[in-house]
>>> print(open('target.csv').read())   # CSV, C-alpha atoms (C1' of nucleotides)
chain,number,residue,atom,x,y,z
Q,1,MET,CA,39.5,117.6,205.3
Q,2,SER,CA,41.4,117.7,208.5
Q,3,SER,CA,38.2,117.1,210.3
Q,4,LEU,CA,38.2,113.5,209.1
Q,5,PRO,CA,38.2,110.9,211.9
Q,6,PHE,CA,41.4,109.3,210.6
Q,7,ASP,CA,45.1,109.9,211.3
Q,8,ASP,CA,47.3,111.2,208.6
Q,9,ALA,CA,48.7,107.8,207.6
Q,10,THR,CA,45.2,106.5,207.1
Q,11,ILE,CA,44.1,109.5,205.1
Q,12,ARG,CA,47.1,109.2,202.9
Q,13,ARG,CA,46.4,105.6,202.4
Q,14,ALA,CA,42.8,106.4,201.6
Q,15,ARG,CA,43.9,108.8,199.0
Q,16,ARG,CA,46.2,106.3,197.5
Q,17,ILE,CA,43.4,103.9,197.3
Q,18,ALA,CA,41.0,106.4,195.9
Q,19,GLU,CA,43.4,107.4,193.3
Q,20,ASN,CA,44.3,103.9,192.4
Q,21,THR,CA,40.8,102.5,192.1
Q,22,PRO,CA,40.2,102.7,188.3
Q,23,PRO,CA,39.5,99.0,187.8
Q,24,ALA,CA,42.9,98.4,186.1
Q,25,GLU,CA,45.0,99.6,189.1
Q,26,CYS,CA,43.1,97.9,191.9
Q,27,ASP,CA,43.4,94.2,192.7
Q,28,PRO,CA,40.1,92.9,191.3
Q,29,ARG,CA,39.9,90.4,194.1
Q,30,VAL,CA,40.1,93.1,196.7
Q,31,GLU,CA,37.5,95.1,194.8
Q,32,ALA,CA,35.2,92.1,194.5
Q,33,LEU,CA,35.6,91.4,198.3
Q,34,VAL,CA,34.8,95.0,199.1
Q,35,ASN,CA,31.6,95.0,197.0
Q,36,ASP,CA,30.7,91.6,198.4
Q,37,LEU,CA,31.4,92.7,201.9
Q,38,ILE,CA,29.6,95.9,201.7
Q,39,GLY,CA,26.7,94.1,200.2
Q,40,ARG,CA,26.8,91.6,203.0
Q,41,VAL,CA,26.9,94.1,205.7
Q,42,ALA,CA,24.3,96.1,203.9
Q,43,ASP,CA,21.6,93.4,204.1
Q,44,LYS,CA,21.2,95.0,207.5
Q,45,TRP,CA,20.9,91.8,209.4
Q,46,THR,CA,24.7,91.1,209.3
Q,47,MET,CA,25.5,94.4,211.1
Q,48,ILE,CA,22.9,93.9,213.8
Q,49,ILE,CA,24.0,90.3,214.4
Q,50,LEU,CA,27.5,91.6,214.6
Q,51,GLU,CA,26.5,94.1,217.2
Q,52,ALA,CA,24.6,91.6,219.2
Q,53,LEU,CA,27.5,89.2,219.3
Q,54,THR,CA,29.9,92.0,220.1
Q,55,GLU,CA,27.8,92.8,223.1
Q,56,HIS,CA,27.0,89.3,224.3
Q,57,GLU,CA,30.1,87.4,223.2
Q,58,GLU,CA,28.2,84.1,222.8
Q,59,LEU,CA,24.6,83.4,222.0
Q,60,ARG,CA,22.6,80.5,220.9
Q,61,PHE,CA,20.3,80.5,218.0
Q,62,THR,CA,17.1,81.6,219.7
Q,63,GLN,CA,18.7,84.0,222.0
Q,64,LEU,CA,20.3,85.7,219.0
Q,65,GLY,CA,16.9,85.8,217.3
Q,66,ARG,CA,15.6,87.7,220.3
Q,67,GLN,CA,18.4,90.2,220.1
Q,68,VAL,CA,17.5,91.0,216.5
Q,69,PRO,CA,13.8,92.1,216.6
Q,70,GLY,CA,12.0,91.5,213.4
Q,71,ILE,CA,14.3,89.0,211.8
Q,72,SER,CA,12.7,85.8,210.5
Q,73,GLN,CA,14.5,82.6,211.4
Q,74,LYS,CA,15.1,82.0,207.7
Q,75,MET,CA,17.1,85.2,207.5
Q,76,LEU,CA,18.8,84.5,210.8
Q,77,THR,CA,19.9,81.1,209.6
Q,78,GLN,CA,21.0,82.4,206.2
Q,79,THR,CA,22.9,85.3,207.5
Q,80,LEU,CA,24.7,83.2,210.1
Q,81,ARG,CA,25.7,80.7,207.5
Q,82,GLN,CA,27.2,83.4,205.3
Q,83,MET,CA,29.0,84.9,208.3
Q,84,GLU,CA,30.3,81.5,209.2
Q,85,ARG,CA,31.4,80.8,205.7
Q,86,ASP,CA,33.3,84.1,205.6
Q,87,GLY,CA,35.0,83.3,208.9
Q,88,MET,CA,33.1,86.0,210.9
Q,89,VAL,CA,31.5,83.7,213.4
Q,90,THR,CA,32.0,80.2,214.8
Q,91,ARG,CA,29.2,77.8,215.1
Q,92,THR,CA,29.4,75.3,217.9
Q,93,VAL,CA,26.9,72.4,217.9
Q,94,HIS,CA,26.4,70.6,221.2
Q,95,PRO,CA,25.2,67.1,220.7
Q,96,VAL,CA,22.4,67.2,223.3
Q,97,ILE,CA,18.7,67.0,223.2
Q,98,PRO,CA,17.2,69.5,222.7
Q,99,PRO,CA,19.9,70.7,220.4
Q,100,ARG,CA,22.1,73.7,221.4
Q,101,VAL,CA,24.1,75.7,219.0
Q,102,ASP,CA,26.4,78.6,220.1
Q,103,TYR,CA,27.5,81.4,218.0
Q,104,ARG,CA,30.5,83.6,218.7
Q,105,LEU,CA,32.4,86.2,216.8
Q,106,THR,CA,35.9,85.4,215.5
Q,107,ASP,CA,38.7,87.9,215.6
Q,108,LEU,CA,38.0,88.5,212.0
Q,109,GLY,CA,34.4,89.3,212.7
Q,110,GLN,CA,35.3,91.7,215.5
Q,111,SER,CA,37.8,93.5,213.2
Q,112,LEU,CA,35.2,93.9,210.6
Q,113,GLY,CA,33.0,95.7,213.0
Q,114,ALA,CA,35.9,98.0,213.8
Q,115,ALA,CA,36.5,98.6,210.1
Q,116,PHE,CA,33.0,99.9,209.8
Q,117,CYS,CA,33.4,102.2,212.7
Q,118,GLY,CA,34.6,104.8,210.2
Q,119,VAL,CA,31.2,104.7,208.6
Q,120,TRP,CA,29.4,105.0,211.9
Q,121,ILE,CA,31.5,108.0,212.9
Q,122,TRP,CA,30.9,109.6,209.6
Q,123,ALA,CA,27.2,109.1,210.0
Q,124,GLU,CA,27.2,110.6,213.5
Q,125,ASP,CA,29.2,113.5,212.3
Q,126,ASN,CA,27.2,114.2,209.2
Q,127,LEU,CA,23.6,113.2,210.2
Q,128,THR,CA,22.3,116.7,210.2
Q,129,ARG,CA,24.0,117.6,207.0
Q,130,VAL,CA,22.4,114.6,205.2
Q,131,GLU,CA,19.0,115.4,206.7
Q,132,ALA,CA,19.3,119.0,205.6
Q,133,ALA,CA,20.3,118.0,202.1
Q,134,ARG,CA,17.3,115.7,201.9
Q,135,ALA,CA,14.9,118.2,203.2
Q,136,ALA,CA,16.2,120.8,200.7
Q,137,PHE,CA,15.9,118.3,197.8
Q,138,ASP,CA,12.4,117.2,198.8
Q,139,ASN,CA,11.2,120.9,198.9
Q,140,ARG,CA,12.1,121.1,195.2
M,1,MET,CA,43.9,94.3,217.6
M,2,SER,CA,46.9,96.6,217.4
M,3,SER,CA,47.1,95.7,213.7
M,4,LEU,CA,44.0,97.7,213.0
M,5,PRO,CA,44.5,100.5,210.5
M,6,PHE,CA,43.2,103.1,213.0
M,7,ASP,CA,44.9,105.3,215.4
M,8,ASP,CA,44.3,104.8,219.1
M,9,ALA,CA,41.7,107.5,219.4
M,10,THR,CA,39.6,106.1,216.6
M,11,ILE,CA,39.9,102.6,218.0
M,12,ARG,CA,38.8,103.8,221.4
M,13,ARG,CA,35.9,105.6,219.8
M,14,ALA,CA,35.0,102.5,217.8
M,15,ARG,CA,34.9,100.5,221.0
M,16,ARG,CA,32.7,103.1,222.6
M,17,ILE,CA,30.4,102.9,219.7
M,18,ALA,CA,30.4,99.1,219.6
M,19,GLU,CA,29.7,99.0,223.3
M,20,ASN,CA,26.9,101.5,223.0
M,21,THR,CA,25.1,100.1,220.1
M,22,PRO,CA,22.3,98.2,221.7
M,23,PRO,CA,19.3,99.9,220.1
M,24,ALA,CA,18.4,101.7,223.3
M,25,GLU,CA,21.7,103.5,223.7
M,26,CYS,CA,22.3,104.5,220.1
M,27,ASP,CA,20.6,107.4,218.5
M,28,PRO,CA,18.1,105.7,216.2
M,29,ARG,CA,18.5,108.4,213.6
M,30,VAL,CA,22.2,107.6,213.3
M,31,GLU,CA,21.5,103.9,213.2
M,32,ALA,CA,18.9,104.4,210.5
M,33,LEU,CA,21.3,106.6,208.5
M,34,VAL,CA,24.1,104.0,208.8
M,35,ASN,CA,21.8,101.3,207.6
M,36,ASP,CA,20.6,103.5,204.9
M,37,LEU,CA,24.0,104.6,203.9
M,38,ILE,CA,25.5,101.2,203.9
M,39,GLY,CA,22.6,100.0,201.8
M,40,ARG,CA,23.1,102.8,199.5
M,41,VAL,CA,26.8,102.2,199.1
M,42,ALA,CA,26.2,98.5,198.8
M,43,ASP,CA,24.1,98.8,195.7
M,44,LYS,CA,27.6,98.8,194.2
M,45,TRP,CA,27.0,101.6,191.7
M,46,THR,CA,27.2,104.4,194.3
M,47,MET,CA,30.7,103.3,195.3
M,48,ILE,CA,31.9,103.2,191.7
M,49,ILE,CA,30.3,106.5,190.8
M,50,LEU,CA,32.0,108.0,193.9
M,51,GLU,CA,35.3,106.7,192.7
M,52,ALA,CA,34.8,107.9,189.2
M,53,LEU,CA,33.9,111.4,190.4
M,54,THR,CA,36.8,111.3,192.9
M,55,GLU,CA,39.1,110.7,190.0
M,56,HIS,CA,37.7,113.0,187.4
M,57,GLU,CA,36.3,115.8,189.5
M,58,GLU,CA,33.5,116.7,187.1
M,59,LEU,CA,31.7,114.6,184.5
M,60,ARG,CA,28.6,114.8,182.4
M,61,PHE,CA,26.0,112.2,182.3
M,62,THR,CA,27.3,110.1,179.4
M,63,GLN,CA,30.9,110.5,180.4
M,64,LEU,CA,30.0,109.2,183.8
M,65,GLY,CA,28.2,106.2,182.2
M,66,ARG,CA,31.3,105.4,180.3
M,67,GLN,CA,33.4,105.4,183.5
M,68,VAL,CA,31.0,102.8,185.0
M,69,PRO,CA,31.0,99.9,182.6
M,70,GLY,CA,27.9,97.8,182.8
M,71,ILE,CA,25.6,100.3,184.3
M,72,SER,CA,22.3,100.9,182.7
M,73,GLN,CA,21.3,104.5,182.3
M,74,LYS,CA,18.3,103.8,184.5
M,75,MET,CA,20.5,102.8,187.3
M,76,LEU,CA,22.9,105.7,186.6
M,77,THR,CA,20.0,108.2,186.8
M,78,GLN,CA,18.5,106.6,189.8
M,79,THR,CA,21.8,106.4,191.7
M,80,LEU,CA,22.7,110.0,190.8
M,81,ARG,CA,19.4,111.2,192.0
M,82,GLN,CA,19.8,109.5,195.4
M,83,MET,CA,23.3,110.8,195.7
M,84,GLU,CA,22.1,114.3,194.9
M,85,ARG,CA,19.3,114.1,197.4
M,86,ASP,CA,21.7,113.0,200.1
M,87,GLY,CA,24.0,115.9,199.3
M,88,MET,CA,26.8,113.8,197.9
M,89,VAL,CA,26.8,115.2,194.4
M,90,THR,CA,25.8,118.5,192.7
M,91,ARG,CA,23.9,118.4,189.5
M,92,THR,CA,24.4,121.4,187.2
M,93,VAL,CA,22.1,121.7,184.2
M,94,HIS,CA,23.4,123.9,181.4
M,95,PRO,CA,20.5,125.3,179.4
M,96,VAL,CA,21.9,124.6,176.0
M,97,ILE,CA,21.0,122.3,173.1
M,98,PRO,CA,21.9,119.5,173.2
M,99,PRO,CA,21.5,119.5,177.0
M,100,ARG,CA,24.5,119.3,179.2
M,101,VAL,CA,24.5,118.2,182.8
M,102,ASP,CA,27.6,118.1,185.0
M,103,TYR,CA,28.0,116.1,188.1
M,104,ARG,CA,30.5,116.8,190.8
M,105,LEU,CA,31.2,115.5,194.3
M,106,THR,CA,30.4,117.7,197.2
M,107,ASP,CA,32.7,117.8,200.3
M,108,LEU,CA,30.2,115.5,201.9
M,109,GLY,CA,30.5,113.0,199.1
M,110,GLN,CA,34.3,113.1,199.3
M,111,SER,CA,34.3,112.5,203.0
M,112,LEU,CA,31.9,109.6,202.6
M,113,GLY,CA,34.5,107.9,200.3
M,114,ALA,CA,37.1,108.5,202.9
M,115,ALA,CA,34.9,107.0,205.6
M,116,PHE,CA,34.7,103.8,203.7
M,117,CYS,CA,38.4,103.6,203.3
M,118,GLY,CA,38.5,101.7,206.5
M,119,VAL,CA,36.5,99.0,204.9
M,120,TRP,CA,38.8,98.9,201.9
M,121,ILE,CA,41.8,98.7,204.1
M,122,TRP,CA,40.2,95.9,206.0
M,123,ALA,CA,39.4,94.0,202.8
M,124,GLU,CA,43.0,94.4,201.6
M,125,ASP,CA,44.4,93.2,204.8
M,126,ASN,CA,42.0,90.3,205.3
M,127,LEU,CA,41.4,89.1,201.7
M,128,THR,CA,43.4,85.9,202.1
M,129,ARG,CA,41.8,85.2,205.5
M,130,VAL,CA,38.3,85.4,204.0
M,131,GLU,CA,39.2,83.4,201.0
M,132,ALA,CA,40.7,80.7,203.2
M,133,ALA,CA,37.6,80.6,205.4
M,134,ARG,CA,35.4,80.2,202.4
M,135,ALA,CA,37.5,77.5,201.0
M,136,ALA,CA,37.5,75.6,204.3
M,137,PHE,CA,33.8,76.0,204.6
M,138,ASP,CA,33.0,74.9,201.1
M,139,ASN,CA,35.1,71.7,201.6
M,140,ARG,CA,32.7,70.7,204.3
G,1,DC,C1',22.2,114.5,175.1
G,2,DA,C1',19.9,113.4,179.2
G,3,DG,C1',16.6,111.6,180.7
G,4,DC,C1',11.6,109.3,181.8
G,5,DA,C1',8.1,105.5,181.2
G,6,DT,C1',7.1,100.9,180.5
G,7,DC,C1',7.6,96.0,180.4
G,8,DC,C1',9.7,92.0,181.9
G,9,DA,C1',12.7,88.4,184.2
G,10,DT,C1',15.0,87.4,188.3
G,11,DT,C1',15.9,87.8,193.0
G,12,DC,C1',14.5,88.3,197.6
G,13,DA,C1',12.4,88.0,201.9
G,14,DG,C1',8.4,86.8,204.9
G,15,DA,C1',5.0,83.3,206.2
G,16,DT,C1',3.9,78.7,206.8
G,17,DA,C1',4.6,73.8,207.5
G,18,DC,C1',7.5,70.1,208.7
G,19,DT,C1',11.7,67.3,211.0
G,20,DG,C1',15.7,65.2,213.9
N,1,DC,C1',15.6,73.7,219.9
N,2,DA,C1',17.5,74.6,215.6
N,3,DG,C1',16.8,74.3,211.8
N,4,DT,C1',15.0,72.8,206.3
N,5,DA,C1',11.7,73.1,202.5
N,6,DT,C1',8.2,75.4,199.9
N,7,DC,C1',5.2,79.0,198.4
N,8,DT,C1',4.3,83.6,197.3
N,9,DG,C1',4.1,88.7,197.1
N,10,DA,C1',7.3,92.5,196.6
N,11,DA,C1',11.2,94.7,195.2
N,12,DT,C1',15.1,95.0,191.8
N,13,DG,C1',17.4,95.8,187.8
N,14,DG,C1',18.0,95.3,182.7
N,15,DA,C1',16.2,96.2,178.0
N,16,DT,C1',13.6,98.9,175.1
N,17,DG,C1',11.1,102.9,173.2
N,18,DC,C1',10.0,107.7,173.4
N,19,DT,C1',10.9,113.0,174.2
N,20,DG,C1',12.4,118.1,174.9
>>> encode(input="target.csv", output="structure tokens")
Amino acid sequence: MSSLPFDDATIRRARRIAENTPPAECDPRVEALVNDLIGRVADKWTMIILEALTEHEELRFTQLGRQVPGISQKMLTQTLRQMERDGMVTRTVHPVIPPRVDYRLTDLGQSLGAAFCGVWIWAEDNLTRVEAARAAFDNR
Amino acid sequence: MSSLPFDDATIRRARRIAENTPPAECDPRVEALVNDLIGRVADKWTMIILEALTEHEELRFTQLGRQVPGISQKMLTQTLRQMERDGMVTRTVHPVIPPRVDYRLTDLGQSLGAAFCGVWIWAEDNLTRVEAARAAFDNR
DNA sequence: CAGCATCCATTCAGATACTG
DNA sequence: CAGTATCTGAATGGATGCTG
């Protein structure tokens, strides 16, 4: 327990949250947003785009696509629109020909990345444990 | 930035992670696990089951189903199997008739819940911001 | 009781073609 | 260049029926 990568205040708060999460106690809007958010980040492209924009600060559409190998431009567009709608990225259209559109993380988007750092850290710390559990399960 | 719900060490670590996440720098197994994990948690049932088992410690199949309104028993079974495989829950079969199967979180499962507390906190703190961004976007 | 198996509707994502 | 529109195969999840 004390090996958790959080300070005591955060852990206490986590406990409070965990203990208060029967649907009745927890603000349903927060719960909906969390599900929503986790679902968003889980589509896997959002996280990668977030990383690319964290690293490069500002990218245009095609550059971004190159940073995210394997993404179709349909998914790129779609994901960026969602992120824009949620206030995670800004989209700047330059009225030139050929068109040029720049994408950049907002503070909100940056902080979302930081919020998920706990999950990254957990994954780093527990990778071998999960792999061992899977191996054990798969061998009956 | 200083309003993040993390202590300095965690924030520093998050930054290090964020700066080191171009595919080349980051252990691909960790990256795969994170995606995997986030995807798992994002299916929305995993998180709710995790909460139910955090609150009740030990539950049998049908009890668990009652704690998760709206879940089909197909999804309940499937999600529990995945969680068992990943080492998040233990599954104890009592050889009695009628059958009785108890589910319980492992330490790993509990710590996963704590890892996601950062996301919950972020959602709490930024709910109004996201809602405002969406409203603004939807009105053109 | 605790599932597994099957069927079915809906969603989703990739590929392709087209446009200002 | 930065998209939009359309089609299609694949994956998802719910409902139902059956079993030890």
>>> atom_distance(input="target.csv", atom1="CA of Asp36 (chain Q)", atom2="CA of Lys44 (chain M)")
8.9 Å
>>> interface_residues(input="target.csv", of="chain N", to="chain M", cutoff="10 Å", atoms="all atoms listed in the file", output="PDB file with C-alpha atoms (C1' of nucleotides), in the frame of the given file")
ATOM      1  C1'  DG N  13      17.400  95.800 187.800  1.00  0.00           C
ATOM      2  C1'  DG N  14      18.000  95.300 182.700  1.00  0.00           C
ATOM      3  C1'  DA N  15      16.200  96.200 178.000  1.00  0.00           C
ATOM      4  C1'  DG N  20      12.400 118.100 174.900  1.00  0.00           C
TER       5       DG N  20
END
>>> residues_around(input="target.csv", residues="DG17 (chain N)", least_positions_apart="4", cutoff="12 Å", atoms="only C-alpha atoms (C1' of nucleotides)", output="PyMOL selection string")
chain G and resi 4-7
>>> closest_atom_pairs(input="target.csv", of="chain M", to="chain G", cutoff="12 Å", atoms="all atoms listed in the file", output="JSON lines")
{"residue": "M:Arg60", "atom": "CA", "partner": "G:DA2", "partner_atom": "C1'", "distance": 9.4}
{"residue": "M:Phe61", "atom": "CA", "partner": "G:DA2", "partner_atom": "C1'", "distance": 6.9}
{"residue": "M:Thr62", "atom": "CA", "partner": "G:DC1", "partner_atom": "C1'", "distance": 8.0}
{"residue": "M:Gln63", "atom": "CA", "partner": "G:DC1", "partner_atom": "C1'", "distance": 10.9}
{"residue": "M:Leu64", "atom": "CA", "partner": "G:DA2", "partner_atom": "C1'", "distance": 11.9}
{"residue": "M:Gly65", "atom": "CA", "partner": "G:DA2", "partner_atom": "C1'", "distance": 11.4}
{"residue": "M:Gln73", "atom": "CA", "partner": "G:DG3", "partner_atom": "C1'", "distance": 8.7}
{"residue": "M:Lys74", "atom": "CA", "partner": "G:DG3", "partner_atom": "C1'", "distance": 8.8}
{"residue": "M:Met75", "atom": "CA", "partner": "G:DG3", "partner_atom": "C1'", "distance": 11.7}
{"residue": "M:Leu76", "atom": "CA", "partner": "G:DG3", "partner_atom": "C1'", "distance": 10.5}
{"residue": "M:Thr77", "atom": "CA", "partner": "G:DG3", "partner_atom": "C1'", "distance": 7.8}
{"residue": "M:Gln78", "atom": "CA", "partner": "G:DG3", "partner_atom": "C1'", "distance": 10.6}
{"residue": "M:Leu80", "atom": "CA", "partner": "G:DG3", "partner_atom": "C1'", "distance": 11.9}
{"residue": "M:Arg81", "atom": "CA", "partner": "G:DG3", "partner_atom": "C1'", "distance": 11.6}
{"residue": "M:Val93", "atom": "CA", "partner": "G:DA2", "partner_atom": "C1'", "distance": 9.9}
{"residue": "M:His94", "atom": "CA", "partner": "G:DA2", "partner_atom": "C1'", "distance": 11.3}
{"residue": "M:Pro95", "atom": "CA", "partner": "G:DC1", "partner_atom": "C1'", "distance": 11.7}
{"residue": "M:Val96", "atom": "CA", "partner": "G:DC1", "partner_atom": "C1'", "distance": 10.1}
{"residue": "M:Ile97", "atom": "CA", "partner": "G:DC1", "partner_atom": "C1'", "distance": 8.1}
{"residue": "M:Pro98", "atom": "CA", "partner": "G:DC1", "partner_atom": "C1'", "distance": 5.4}
{"residue": "M:Pro99", "atom": "CA", "partner": "G:DC1", "partner_atom": "C1'", "distance": 5.4}
{"residue": "M:Arg100", "atom": "CA", "partner": "G:DC1", "partner_atom": "C1'", "distance": 6.7}
{"residue": "M:Val101", "atom": "CA", "partner": "G:DA2", "partner_atom": "C1'", "distance": 7.6}
{"residue": "M:Asp102", "atom": "CA", "partner": "G:DA2", "partner_atom": "C1'", "distance": 10.7}
>>> atom_distance(input="target.csv", atom1="CA of Val130 (chain Q)", atom2="CA of Asp86 (chain M)")
5.4 Å
>>> atom_distance(input="target.csv", atom1="CA of Arg29 (chain Q)", atom2="CA of Ala123 (chain M)")
9.4 Å
>>> closest_residue(input="target.csv", among="Q:Ala135, Q:Ile49, Q:Ile38, Q:Ala32", to="chain M", atoms="all atoms listed in the file")
Q:Ile38
>>> build_atoms(input="target.csv", residues="region 68-97 of chain Q", atoms="N, CA and C atoms", output="mmCIF file, keeping the file's coordinate frame")
data_model
loop_
_atom_site.group_PDB
_atom_site.id
_atom_site.type_symbol
_atom_site.label_atom_id
_atom_site.label_comp_id
_atom_site.auth_asym_id
_atom_site.auth_seq_id
_atom_site.Cartn_x
_atom_site.Cartn_y
_atom_site.Cartn_z
ATOM 1 N N VAL Q 68 17.606 90.346 217.814
ATOM 2 C CA VAL Q 68 17.500 91.000 216.500
ATOM 3 C C VAL Q 68 15.968 91.046 216.178
ATOM 4 N N PRO Q 69 15.269 92.006 216.756
ATOM 5 C CA PRO Q 69 13.800 92.100 216.600
ATOM 6 C C PRO Q 69 13.435 92.203 215.141
ATOM 7 N N GLY Q 70 12.471 91.392 214.735
ATOM 8 C CA GLY Q 70 12.000 91.500 213.400
ATOM 9 C C GLY Q 70 12.566 90.568 212.378
ATOM 10 N N ILE Q 71 13.645 89.905 212.751
ATOM 11 C CA ILE Q 71 14.300 89.000 211.800
ATOM 12 C C ILE Q 71 13.480 87.678 211.767
ATOM 13 N N SER Q 72 13.332 87.124 210.586
ATOM 14 C CA SER Q 72 12.700 85.800 210.500
ATOM 15 C C SER Q 72 13.821 84.766 210.692
ATOM 16 N N GLN Q 73 13.435 83.557 211.107
ATOM 17 C CA GLN Q 73 14.500 82.600 211.400
ATOM 18 C C GLN Q 73 15.146 82.129 210.100
ATOM 19 N N LYS Q 74 14.454 82.305 209.013
ATOM 20 C CA LYS Q 74 15.100 82.000 207.700
ATOM 21 C C LYS Q 74 16.270 82.940 207.490
ATOM 22 N N MET Q 75 16.040 84.231 207.663
ATOM 23 C CA MET Q 75 17.100 85.200 207.500
ATOM 24 C C MET Q 75 18.206 85.046 208.513
ATOM 25 N N LEU Q 76 17.792 84.694 209.720
ATOM 26 C CA LEU Q 76 18.800 84.500 210.800
ATOM 27 C C LEU Q 76 19.721 83.347 210.380
ATOM 28 N N THR Q 77 19.134 82.232 209.984
ATOM 29 C CA THR Q 77 19.900 81.100 209.600
ATOM 30 C C THR Q 77 20.837 81.460 208.391
ATOM 31 N N GLN Q 78 20.232 82.071 207.393
ATOM 32 C CA GLN Q 78 21.000 82.400 206.200
ATOM 33 C C GLN Q 78 22.141 83.323 206.459
ATOM 34 N N THR Q 79 21.847 84.364 207.228
ATOM 35 C CA THR Q 79 22.900 85.300 207.500
ATOM 36 C C THR Q 79 24.017 84.702 208.330
ATOM 37 N N LEU Q 80 23.633 83.891 209.300
ATOM 38 C CA LEU Q 80 24.700 83.200 210.100
ATOM 39 C C LEU Q 80 25.512 82.295 209.283
ATOM 40 N N ARG Q 81 24.885 81.590 208.332
ATOM 41 C CA ARG Q 81 25.700 80.700 207.500
ATOM 42 C C ARG Q 81 26.686 81.467 206.646
ATOM 43 N N GLN Q 82 26.241 82.578 206.097
ATOM 44 C CA GLN Q 82 27.200 83.400 205.300
ATOM 45 C C GLN Q 82 28.317 83.899 206.185
ATOM 46 N N MET Q 83 27.962 84.365 207.367
ATOM 47 C CA MET Q 83 29.000 84.900 208.300
ATOM 48 C C MET Q 83 29.956 83.775 208.675
ATOM 49 N N GLU Q 84 29.410 82.599 208.851
ATOM 50 C CA GLU Q 84 30.300 81.500 209.200
ATOM 51 C C GLU Q 84 31.196 81.146 208.038
ATOM 52 N N ARG Q 85 30.634 81.130 206.850
ATOM 53 C CA ARG Q 85 31.400 80.800 205.700
ATOM 54 C C ARG Q 85 32.559 81.831 205.469
ATOM 55 N N ASP Q 86 32.284 83.074 205.783
ATOM 56 C CA ASP Q 86 33.300 84.100 205.600
ATOM 57 C C ASP Q 86 34.267 84.185 206.798
ATOM 58 N N GLY Q 87 34.058 83.316 207.768
ATOM 59 C CA GLY Q 87 35.000 83.300 208.900
ATOM 60 C C GLY Q 87 34.695 84.360 209.942
ATOM 61 N N MET Q 88 33.469 84.897 209.958
ATOM 62 C CA MET Q 88 33.100 86.000 210.900
ATOM 63 C C MET Q 88 32.625 85.409 212.231
ATOM 64 N N VAL Q 89 31.955 84.276 212.179
ATOM 65 C CA VAL Q 89 31.500 83.700 213.400
ATOM 66 C C VAL Q 89 31.830 82.187 213.452
ATOM 67 N N THR Q 90 31.897 81.679 214.661
ATOM 68 C CA THR Q 90 32.000 80.200 214.800
ATOM 69 C C THR Q 90 30.673 79.679 215.247
ATOM 70 N N ARG Q 91 30.425 78.471 214.818
ATOM 71 C CA ARG Q 91 29.200 77.800 215.100
ATOM 72 C C ARG Q 91 29.481 76.515 215.829
ATOM 73 N N THR Q 92 29.068 76.422 217.075
ATOM 74 C CA THR Q 92 29.400 75.300 217.900
ATOM 75 C C THR Q 92 28.136 74.457 218.188
ATOM 76 N N VAL Q 93 28.085 73.243 217.682
ATOM 77 C CA VAL Q 93 26.900 72.400 217.900
ATOM 78 C C VAL Q 93 27.170 71.484 219.101
ATOM 79 N N HIS Q 94 26.298 71.537 220.095
ATOM 80 C CA HIS Q 94 26.400 70.600 221.200
ATOM 81 C C HIS Q 94 25.454 69.476 221.006
ATOM 82 N N PRO Q 95 25.996 68.255 220.984
ATOM 83 C CA PRO Q 95 25.200 67.100 220.700
ATOM 84 C C PRO Q 95 24.288 66.682 221.846
ATOM 85 N N VAL Q 96 23.360 67.526 222.173
ATOM 86 C CA VAL Q 96 22.400 67.200 223.300
ATOM 87 C C VAL Q 96 21.013 67.356 222.742
ATOM 88 N N ILE Q 97 20.089 66.849 223.552
ATOM 89 C CA ILE Q 97 18.700 67.000 223.200
ATOM 90 C C ILE Q 97 17.967 67.717 224.303
#
